[in-house]
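Working notes for the structure below.
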2 protein chains.
Amino acid sequence: MTAARTDDGPDRVVVLAHEKFPDRAKTATGVLKYADYDVVAVLDRDNPGTTARDHRADLPDVPIVASMDDAPDADALLVGIAPIGGGFDESWREDVRTAIERGCDVIAGLHYFLSDDEEFARLAADHGVDLNDVRKPHEDLSVAQGTSADVDADVVLTVGTDCSVGKMTVSLELVEAARERGIDAGFVPTGQTGIMIAGWGNPIDRVVSDFTAGAVEEMILEMGDDYDVLFVEGQGSITHPAYSAVTCGILHGAMADSLVLCHVEGREAIHGYESFDIPPVSEYVDLYESLSAPVHESKVVAGALNTSHLDDADARDAVDAYADELDAPATDLVRFDADEVLDAILED
Amino acid sequence: MTAARTDDGPDRVVVLAHEKFPDRAKTATGVLKYADYDVVAVLDRDNPGTTARDHRADLPDVPIVASMDDAPDADALLVGIAPIGGGFDESWREDVRTAIERGCDVIAGLHYFLSDDEEFARLAADHGVDLNDVRKPHEDLSVAQGTSADVDADVVLTVGTDCSVGKMTVSLELVEAARERGIDAGFVPTGQTGIMIAGWGNPIDRVVSDFTAGAVEEMILEMGDDYDVLFVEGQGSITHPAYSAVTCGILHGAMADSLVLCHVEGREAIHGYESFDIPPVSEYVDLYESLSAPVHESKVVAGALNTSHLDDADARDAVDAYADELDAPATDLVRFDADEVLDAILED
């Protein structure tokens, strides 16, 4: 898969999620919830004969089958799980082989590139299908020209207080909410799961550092005249000791009009870097806005709070407190409705 | 060349600069002025029989010879020029071949990797020498751990209002000035020319974006307990539409105690991005300090102004005005002495 957003991307997709569906299959469930294309089956040898909805109420009614042999016609097989370390599990080989032989493209976000696997490369060539390793940046990336703000669409970027606070999910929920209002909203992915869901995109954290902003700009320019609003998936945090470079490159590459600040209720230190405190929310607003300004004026217009560990009453209180701190509308987009936050974004 | 700073690096180096010495040979002249190792000859087929000092008064008295055949004993040949595009000029092949056959390592910062050249790779293997392509990041890079501040040395980072404002030169001048005072000062390179001068280092603008801060941290940890002060070469600018990601990664990866803000007198827009204004100097101070703070408190303690296009009197006035804007000591380190700026750095 390259950055090229093609209209002839897969329509019908089979998602591989053996032995990990649904709770340890984040990519698979993300694709089921948010992808534009039709998922026609999930491969899980532990649960054949059930449907995705049998396992989780927020998932669609897609059949689960034991192997690619049992799957209906499809355009692509998507590997929806990853072992720790991102290797290829040899127990998947037969399904990948069968998919290629049936003429399916294969989409994967593993560290192990399917296109470097001798058998798969040869089979794919024989059958004229693509092996799309979404973690592999395409080779024509370059430096940004500073032109993202020239597109017709309004650009909205999710930014965060930390990694893993829900930036991708918030972006996708906002796309859905906007579309429900009849707005032509597009999603610009920047990480592997987002790319798998979108079916295209640049893996910003894997590109050459000089091309960080440029790889975002390339996507904005490609999408920007075809949509009313683009929701760009943010990465990391501007205060993260390791990942801030990626965050900064996305901020300046996207030249967003509006920012949505994402946070996990109660988190006080950078995840995995516990000696680094998360500053007060108001400092994030100042930092993101003052850092954006020399390249493009961006404003934090709303907040998104992850309250998944709280009950509804506490979640409501937490969201209200977060909105006060931000001095802007806020909600938990997974549990409450998006109206007020979406209004703030669209008004801006 | 990898990040590994080895004590058995080259002592005696021949610098290739055919037909471009000295004015179009920035790497060659940088190595002559600042490198720790001895340059024993410059290769320039246009000027054999002269010395570097014959061409520019600030360069040492190193002989220029026409080819590697005429050069004295050396440990390494360093390619000190680059054609536009960074390709390999075939007119250099005989010199590189001769160097390898004489047992010299070859150091180059070209886009064309010598280690991928079949003849050179084979010859180098035969003669047991290294082909060091400094633009090729080494393969063990990883994410930052947020530990650079733990080293014994004070860390000083040059930051800028734009690209090409003199951050490398300022860092190297400060290293020299500190050493003249008897301070054990080290240089941490982050770009190709700095790496050629230092003889080691990570090319930060070429690493995977997720490893930007980590590649800086790796160097700080390697050097940090062996020096009193480390001067880290900055890159780009935090307001640059294309390169800010690299700047941000270096800022958070270095966890510097002091920052020196570099600027070119009179420059008002980002070079090559003329629609992007350079904000007032005081805004840069706020931006760099507020962005550093959540990871490590850093303070802009001094300024360095490039006044090369002014006469001495105007340069003195410009430096004074810059110091006022910064509310900190400032100078042009190439034309005036470093005392006041160095005092400010060492006091901090």
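Chain identifiers are assigned as A, B, and so on, following the order in which chains appear in the structure tokens; residues are numbered from 1 within each chain, and ligands are numbered from 1 in order of appearance.
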
Kindly assemble as a tab-separated table a list of the chain B residues that lie within 8 Å of chain A, each paired with its nearest atom pair and their distance in Å to one decimal, using only C-alpha atoms, sorted first by chain and then by ascending residue number.
```
residue	atom	partner	partner_atom	distance
B:Val143	CA	A:Ala242	CA	5.8
B:Ala144	CA	A:Ala242	CA	4.7
B:Gln145	CA	A:Ala242	CA	6.7
B:Gly146	CA	A:Pro241	CA	5.4
B:Ile204	CA	A:Ser209	CA	7.4
B:Asp205	CA	A:Asp210	CA	5.0
B:Arg206	CA	A:Val208	CA	5.3
B:Val207	CA	A:Val208	CA	5.5
B:Val208	CA	A:Val208	CA	4.7
B:Ser209	CA	A:Ser209	CA	4.1
B:Asp210	CA	A:Asp205	CA	5.0
B:Phe211	CA	A:Ala242	CA	7.4
B:Thr212	CA	A:Ala245	CA	6.6
B:Ala213	CA	A:Ala242	CA	5.6
B:Gly214	CA	A:Ala242	CA	6.6
B:Ile238	CA	A:Leu291	CA	7.7
B:Thr239	CA	A:Pro294	CA	5.7
B:His240	CA	A:Val295	CA	7.2
B:Pro241	CA	A:Gly146	CA	5.4
B:Ala242	CA	A:Ala144	CA	4.7
B:Tyr243	CA	A:Asp210	CA	5.9
B:Ser244	CA	A:Gly249	CA	6.2
B:Ala245	CA	A:Ala245	CA	4.4
B:Val246	CA	A:Ser209	CA	6.1
B:Thr247	CA	A:Ala245	CA	7.6
B:Cys248	CA	A:Ala245	CA	5.2
B:Gly249	CA	A:Ala245	CA	4.5
B:His252	CA	A:Pro241	CA	5.8
B:Gly253	CA	A:Pro241	CA	6.8
B:Tyr273	CA	A:Gln145	CA	7.6
B:Phe276	CA	A:Val295	CA	6.7
B:Asp277	CA	A:Pro294	CA	7.4
B:Ile278	CA	A:Pro294	CA	7.6
B:Pro279	CA	A:Pro294	CA	6.9
B:Leu287	CA	A:Leu291	CA	6.8
B:Ser290	CA	A:Leu287	CA	7.2
B:Leu291	CA	A:Leu287	CA	6.8
B:Pro294	CA	A:Thr239	CA	5.7
B:Val295	CA	A:Pro241	CA	5.9
```

So that each row is one residue of stretch 199-257 of chain B with an atom at most 7 Å from stretch 183-192 of chain B, can you give its shortest atom pair and the distance in Å to one decimal, using only C-alpha atoms, rows by chain and rising number, as JSON lines?
```
{"residue": "B:Gly201", "atom": "CA", "partner": "B:Pro189", "partner_atom": "CA", "distance": 5.8}
{"residue": "B:Asn202", "atom": "CA", "partner": "B:Thr190", "partner_atom": "CA", "distance": 5.9}
{"residue": "B:Pro203", "atom": "CA", "partner": "B:Gly191", "partner_atom": "CA", "distance": 5.0}
{"residue": "B:Ile204", "atom": "CA", "partner": "B:Thr190", "partner_atom": "CA", "distance": 5.4}
{"residue": "B:Met219", "atom": "CA", "partner": "B:Val188", "partner_atom": "CA", "distance": 6.9}
{"residue": "B:Tyr227", "atom": "CA", "partner": "B:Asp184", "partner_atom": "CA", "distance": 5.4}
{"residue": "B:Asp228", "atom": "CA", "partner": "B:Asp184", "partner_atom": "CA", "distance": 5.3}
{"residue": "B:Val229", "atom": "CA", "partner": "B:Ala185", "partner_atom": "CA", "distance": 4.9}
{"residue": "B:Leu230", "atom": "CA", "partner": "B:Gly186", "partner_atom": "CA", "distance": 4.7}
{"residue": "B:Phe231", "atom": "CA", "partner": "B:Phe187", "partner_atom": "CA", "distance": 5.0}
{"residue": "B:Val232", "atom": "CA", "partner": "B:Val188", "partner_atom": "CA", "distance": 4.6}
{"residue": "B:Glu233", "atom": "CA", "partner": "B:Pro189", "partner_atom": "CA", "distance": 5.3}
{"residue": "B:Gly234", "atom": "CA", "partner": "B:Thr190", "partner_atom": "CA", "distance": 6.9}
```

With all heavy atoms retained, write the just-selected residues as a short mmCIF file (atom, residue, chain, number, x, y, z; two decimals), in the first residue's frame.
```cif
data_model
loop_
_atom_site.label_atom_id
_atom_site.label_comp_id
_atom_site.auth_asym_id
_atom_site.auth_seq_id
_atom_site.Cartn_x
_atom_site.Cartn_y
_atom_site.Cartn_z
N GLY B 201 29.19 9.91 14.20
CA GLY B 201 27.91 10.58 14.48
C GLY B 201 26.74 10.04 13.70
O GLY B 201 26.91 9.31 12.72
N ASN B 202 25.54 10.38 14.14
CA ASN B 202 24.30 9.96 13.50
C ASN B 202 23.74 11.10 12.63
O ASN B 202 23.55 12.20 13.12
CB ASN B 202 23.24 9.61 14.55
CG ASN B 202 23.56 8.34 15.31
OD1 ASN B 202 24.13 7.40 14.74
ND2 ASN B 202 23.24 8.30 16.60
N PRO B 203 23.42 10.81 11.37
CA PRO B 203 22.82 11.83 10.50
C PRO B 203 21.33 11.95 10.83
O PRO B 203 20.50 11.24 10.27
CB PRO B 203 23.04 11.26 9.09
CG PRO B 203 23.05 9.78 9.29
CD PRO B 203 23.58 9.52 10.68
N ILE B 204 21.01 12.88 11.75
CA ILE B 204 19.67 12.90 12.34
C ILE B 204 18.58 13.12 11.30
O ILE B 204 17.47 12.58 11.42
CB ILE B 204 19.58 13.99 13.44
CG1 ILE B 204 20.64 13.73 14.52
CG2 ILE B 204 18.19 14.01 14.07
CD1 ILE B 204 20.55 12.39 15.20
N MET B 219 24.08 9.46 21.08
CA MET B 219 25.37 10.15 21.02
C MET B 219 25.71 10.84 22.35
O MET B 219 26.85 10.81 22.79
CB MET B 219 25.37 11.17 19.87
CG MET B 219 25.28 10.52 18.50
SD MET B 219 25.59 11.69 17.15
CE MET B 219 24.09 12.65 17.16
N TYR B 227 33.31 14.28 29.07
CA TYR B 227 33.56 15.70 28.81
C TYR B 227 32.92 16.56 29.89
O TYR B 227 31.97 16.14 30.55
CB TYR B 227 32.99 16.10 27.43
CG TYR B 227 33.74 15.49 26.28
CD1 TYR B 227 33.39 14.22 25.81
CD2 TYR B 227 34.81 16.15 25.69
CE1 TYR B 227 34.09 13.64 24.77
CE2 TYR B 227 35.51 15.57 24.63
CZ TYR B 227 35.15 14.32 24.18
OH TYR B 227 35.84 13.73 23.15
N ASP B 228 33.43 17.79 30.03
CA ASP B 228 32.80 18.76 30.93
C ASP B 228 31.57 19.39 30.29
O ASP B 228 30.56 19.63 30.94
CB ASP B 228 33.80 19.88 31.28
CG ASP B 228 35.01 19.36 32.02
OD1 ASP B 228 34.87 18.38 32.78
OD2 ASP B 228 36.11 19.92 31.81
N VAL B 229 31.72 19.71 29.01
CA VAL B 229 30.64 20.36 28.27
C VAL B 229 30.52 19.71 26.90
O VAL B 229 31.54 19.45 26.24
CB VAL B 229 30.91 21.87 28.07
CG1 VAL B 229 29.69 22.56 27.44
CG2 VAL B 229 31.28 22.56 29.36
N LEU B 230 29.30 19.44 26.47
CA LEU B 230 29.06 18.97 25.10
C LEU B 230 28.32 20.05 24.33
O LEU B 230 27.32 20.59 24.82
CB LEU B 230 28.19 17.71 25.10
CG LEU B 230 28.79 16.44 25.68
CD1 LEU B 230 27.78 15.30 25.55
CD2 LEU B 230 30.10 16.08 24.97
N PHE B 231 28.82 20.37 23.16
CA PHE B 231 28.14 21.31 22.27
C PHE B 231 27.46 20.49 21.17
O PHE B 231 28.14 19.85 20.36
CB PHE B 231 29.12 22.32 21.69
CG PHE B 231 29.62 23.30 22.73
CD1 PHE B 231 30.78 23.03 23.45
CD2 PHE B 231 28.92 24.47 22.99
CE1 PHE B 231 31.24 23.93 24.42
CE2 PHE B 231 29.38 25.37 23.96
CZ PHE B 231 30.54 25.10 24.68
N VAL B 232 26.14 20.51 21.16
CA VAL B 232 25.37 19.72 20.20
C VAL B 232 24.98 20.60 19.02
O VAL B 232 24.40 21.68 19.20
CB VAL B 232 24.09 19.15 20.86
CG1 VAL B 232 23.30 18.30 19.86
CG2 VAL B 232 24.43 18.34 22.10
N GLU B 233 25.31 20.14 17.83
CA GLU B 233 24.95 20.84 16.60
C GLU B 233 23.45 20.73 16.36
O GLU B 233 22.93 19.63 16.22
CB GLU B 233 25.71 20.18 15.43
CG GLU B 233 25.34 20.69 14.06
CD GLU B 233 25.84 19.78 12.93
OE1 GLU B 233 26.34 18.67 13.19
OE2 GLU B 233 25.72 20.20 11.77
N GLY B 234 22.74 21.85 16.33
CA GLY B 234 21.31 21.82 16.03
C GLY B 234 21.05 21.75 14.53
O GLY B 234 21.96 21.88 13.71
#
```

Can you list, as an MDAnalysis selection string, every protein, DNA or RNA residue that comes within 10 Å of stretch 86-88 of chain A when you count only C-alpha atoms, leaving out same-chain residues fewer than 4 positions away?
chainID A and resid 79 81:82 92:93 108:114 117

Export of the given selection (C-alpha atoms) as a PDB file, in the first residue's frame:
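Final output, selection_17.pdb:
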```pdb
ATOM      1  CA  VAL A  79      -3.846  -9.182   8.498  1.00  0.00           C
ATOM      2  CA  ILE A  81      -3.495  -8.888  14.310  1.00  0.00           C
ATOM      3  CA  ALA A  82       0.195  -8.620  15.154  1.00  0.00           C
ATOM      4  CA  TRP A  92      -1.075 -17.834   8.872  1.00  0.00           C
ATOM      5  CA  ARG A  93       0.938 -18.955   5.835  1.00  0.00           C
ATOM      6  CA  ALA A 108      -0.331  -6.206   6.411  1.00  0.00           C
ATOM      7  CA  GLY A 109       1.192  -3.845   8.967  1.00  0.00           C
ATOM      8  CA  LEU A 110       3.861  -6.200  10.296  1.00  0.00           C
ATOM      9  CA  HIS A 111       7.534  -5.407  10.819  1.00  0.00           C
ATOM     10  CA  TYR A 112       8.087  -8.522   8.691  1.00  0.00           C
ATOM     11  CA  PHE A 113       7.385  -7.414   5.128  1.00  0.00           C
ATOM     12  CA  LEU A 114       5.325  -9.923   3.125  1.00  0.00           C
ATOM     13  CA  ASP A 117       8.988 -13.231   1.735  1.00  0.00           C
TER      14      ASP A 117
END
```

Neighbours of B:Asp348 within 9 Å (only C-alpha atoms; same-chain residues fewer than 4 positions away dropped), as number ranges by chain?
B: 257-258, 299, 301, 343-344

Okay, now the selection with all heavy atoms, as an mmCIF file, in the first residue's frame?
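File out-v5.cif, as written:
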```cif
data_model
loop_
_atom_site.group_PDB
_atom_site.id
_atom_site.type_symbol
_atom_site.label_atom_id
_atom_site.label_comp_id
_atom_site.auth_asym_id
_atom_site.auth_seq_id
_atom_site.Cartn_x
_atom_site.Cartn_y
_atom_site.Cartn_z
ATOM 1 N N ASP B 257 20.970 21.805 28.721
ATOM 2 C CA ASP B 257 20.851 22.758 29.824
ATOM 3 C C ASP B 257 20.755 24.179 29.280
ATOM 4 O O ASP B 257 20.007 25.000 29.810
ATOM 5 C CB ASP B 257 22.072 22.630 30.738
ATOM 6 C CG ASP B 257 22.223 21.205 31.230
ATOM 7 O OD1 ASP B 257 21.354 20.752 31.988
ATOM 8 O OD2 ASP B 257 23.176 20.519 30.806
ATOM 9 N N SER B 258 21.522 24.464 28.231
ATOM 10 C CA SER B 258 21.567 25.813 27.667
ATOM 11 C C SER B 258 21.353 25.753 26.160
ATOM 12 O O SER B 258 21.793 24.812 25.498
ATOM 13 C CB SER B 258 22.933 26.457 27.916
ATOM 14 O OG SER B 258 23.291 26.332 29.266
ATOM 15 N N LYS B 299 17.362 26.849 28.768
ATOM 16 C CA LYS B 299 17.258 28.303 28.733
ATOM 17 C C LYS B 299 18.114 28.846 27.591
ATOM 18 O O LYS B 299 19.240 28.380 27.388
ATOM 19 C CB LYS B 299 17.774 28.852 30.076
ATOM 20 C CG LYS B 299 17.340 30.269 30.374
ATOM 21 C CD LYS B 299 17.556 30.600 31.849
ATOM 22 C CE LYS B 299 17.219 32.041 32.160
ATOM 23 N NZ LYS B 299 17.952 33.051 31.392
ATOM 24 N N VAL B 301 20.597 31.133 26.661
ATOM 25 C CA VAL B 301 21.525 31.918 27.490
ATOM 26 C C VAL B 301 22.370 32.875 26.666
ATOM 27 O O VAL B 301 23.045 33.742 27.229
ATOM 28 C CB VAL B 301 22.467 31.009 28.317
ATOM 29 C CG1 VAL B 301 21.654 30.163 29.295
ATOM 30 C CG2 VAL B 301 23.335 30.144 27.410
ATOM 31 N N ASP B 343 31.093 32.881 28.610
ATOM 32 C CA ASP B 343 30.822 33.113 30.036
ATOM 33 C C ASP B 343 29.365 32.797 30.373
ATOM 34 O O ASP B 343 29.075 32.135 31.374
ATOM 35 C CB ASP B 343 31.096 34.581 30.409
ATOM 36 C CG ASP B 343 32.588 34.902 30.468
ATOM 37 O OD1 ASP B 343 33.395 33.948 30.532
ATOM 38 O OD2 ASP B 343 32.937 36.094 30.434
ATOM 39 N N ALA B 344 28.471 33.279 29.541
ATOM 40 C CA ALA B 344 27.038 33.070 29.805
ATOM 41 C C ALA B 344 26.690 31.585 29.782
ATOM 42 O O ALA B 344 25.891 31.102 30.591
ATOM 43 C CB ALA B 344 26.207 33.830 28.779
#
```

How many Å separate atom CA of A:Ala71 from atom CA of A:Ala41?
6.2 Å

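Among B:His55, B:Gly85, B:Pro48, B:Leu346, the residue with the shortest atom-to-atom distance to B:Ser67, counting only C-alpha atoms, is B:Pro48.
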
With DSSP run on the backbone, what are the strand (DSSP E or B) residues within stretch 91-331 of chain A? I'd like them as a PyMOL selection string.
chain A and resi 105-108+131-133+154-160+185-188+208+229-232+258-264+269-270+273-277+299-306+330-331

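Across the structure, atom CA of A:Leu326 and atom CA of A:Ser282 are spaced 6.1 Å apart.
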
Which residues are close to B:Thr51, i.e. within 7 Å by only C-alpha atoms, leaving aside same-chain residues fewer than 5 positions away? Reply as a VMD selection string.
chain B and resid 61 to 64

Quick one: write out the picked residues with all heavy atoms as an mmCIF file, in the first residue's frame?
```
data_model
loop_
_atom_site.group_PDB
_atom_site.id
_atom_site.type_symbol
_atom_site.label_atom_id
_atom_site.label_comp_id
_atom_site.auth_asym_id
_atom_site.auth_seq_id
_atom_site.Cartn_x
_atom_site.Cartn_y
_atom_site.Cartn_z
ATOM 1 N N ASP B 61 48.315 25.198 6.975
ATOM 2 C CA ASP B 61 49.342 25.127 5.935
ATOM 3 C C ASP B 61 49.490 23.699 5.405
ATOM 4 O O ASP B 61 50.550 23.098 5.487
ATOM 5 C CB ASP B 61 50.665 25.609 6.569
ATOM 6 C CG ASP B 61 51.581 26.225 5.523
ATOM 7 O OD1 ASP B 61 51.075 26.645 4.469
ATOM 8 O OD2 ASP B 61 52.793 26.265 5.795
ATOM 9 N N VAL B 62 48.407 23.180 4.826
ATOM 10 C CA VAL B 62 48.386 21.787 4.381
ATOM 11 C C VAL B 62 48.671 21.731 2.878
ATOM 12 O O VAL B 62 48.093 22.503 2.117
ATOM 13 C CB VAL B 62 47.003 21.165 4.684
ATOM 14 C CG1 VAL B 62 46.838 19.817 4.010
ATOM 15 C CG2 VAL B 62 46.790 21.063 6.185
ATOM 16 N N PRO B 63 49.550 20.811 2.445
ATOM 17 C CA PRO B 63 49.868 20.743 1.017
ATOM 18 C C PRO B 63 48.699 20.247 0.163
ATOM 19 O O PRO B 63 47.937 19.382 0.583
ATOM 20 C CB PRO B 63 51.024 19.745 0.956
ATOM 21 C CG PRO B 63 50.943 18.958 2.205
ATOM 22 C CD PRO B 63 50.336 19.861 3.244
ATOM 23 N N ILE B 64 48.602 20.820 -1.039
ATOM 24 C CA ILE B 64 47.626 20.356 -2.022
ATOM 25 C C ILE B 64 48.374 19.534 -3.066
ATOM 26 O O ILE B 64 49.409 19.969 -3.587
ATOM 27 C CB ILE B 64 46.910 21.552 -2.673
ATOM 28 C CG1 ILE B 64 46.134 22.332 -1.598
ATOM 29 C CG2 ILE B 64 45.977 21.093 -3.796
ATOM 30 C CD1 ILE B 64 45.413 23.567 -2.115
#
```

How many Å lie between atom CA of A:Ile220 and atom CA of A:Met196, rounded to one decimal?
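Computed distance, atom CA of A:Ile220 to atom CA of A:Met196, equals 17.6 Å.
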
Can you pull out the residues contacting A:Leu310? Cut-off 12 Å, using only C-alpha atoms, and skip same-chain residues under 4 positions away; I want them as a list of chain:residue names.
A:Val264, A:Glu265, A:Gly266, A:Leu305, A:Asn306, A:Asp314, A:Ala315, A:Arg316, A:Asp317, A:Ala318, A:Val319, A:Asp332, A:Arg335

Would you pick out the contacts of stretch 17-21 of chain B at 9 Å or less, using only C-alpha atoms, so that residues sharing its chain but fewer than 4 positions from it are not included, and give the list as a list in words?
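Contacts, with the query itself left out: Ala25, Lys26, Thr27, Ala28, Thr29, Val42, Leu43, Asp44, Arg45, Asp46, Asn47, Ala52, His55, Ala66, Ser67, Val79, Gly80, Ile81, Ala82 and Trp92 of chain B.
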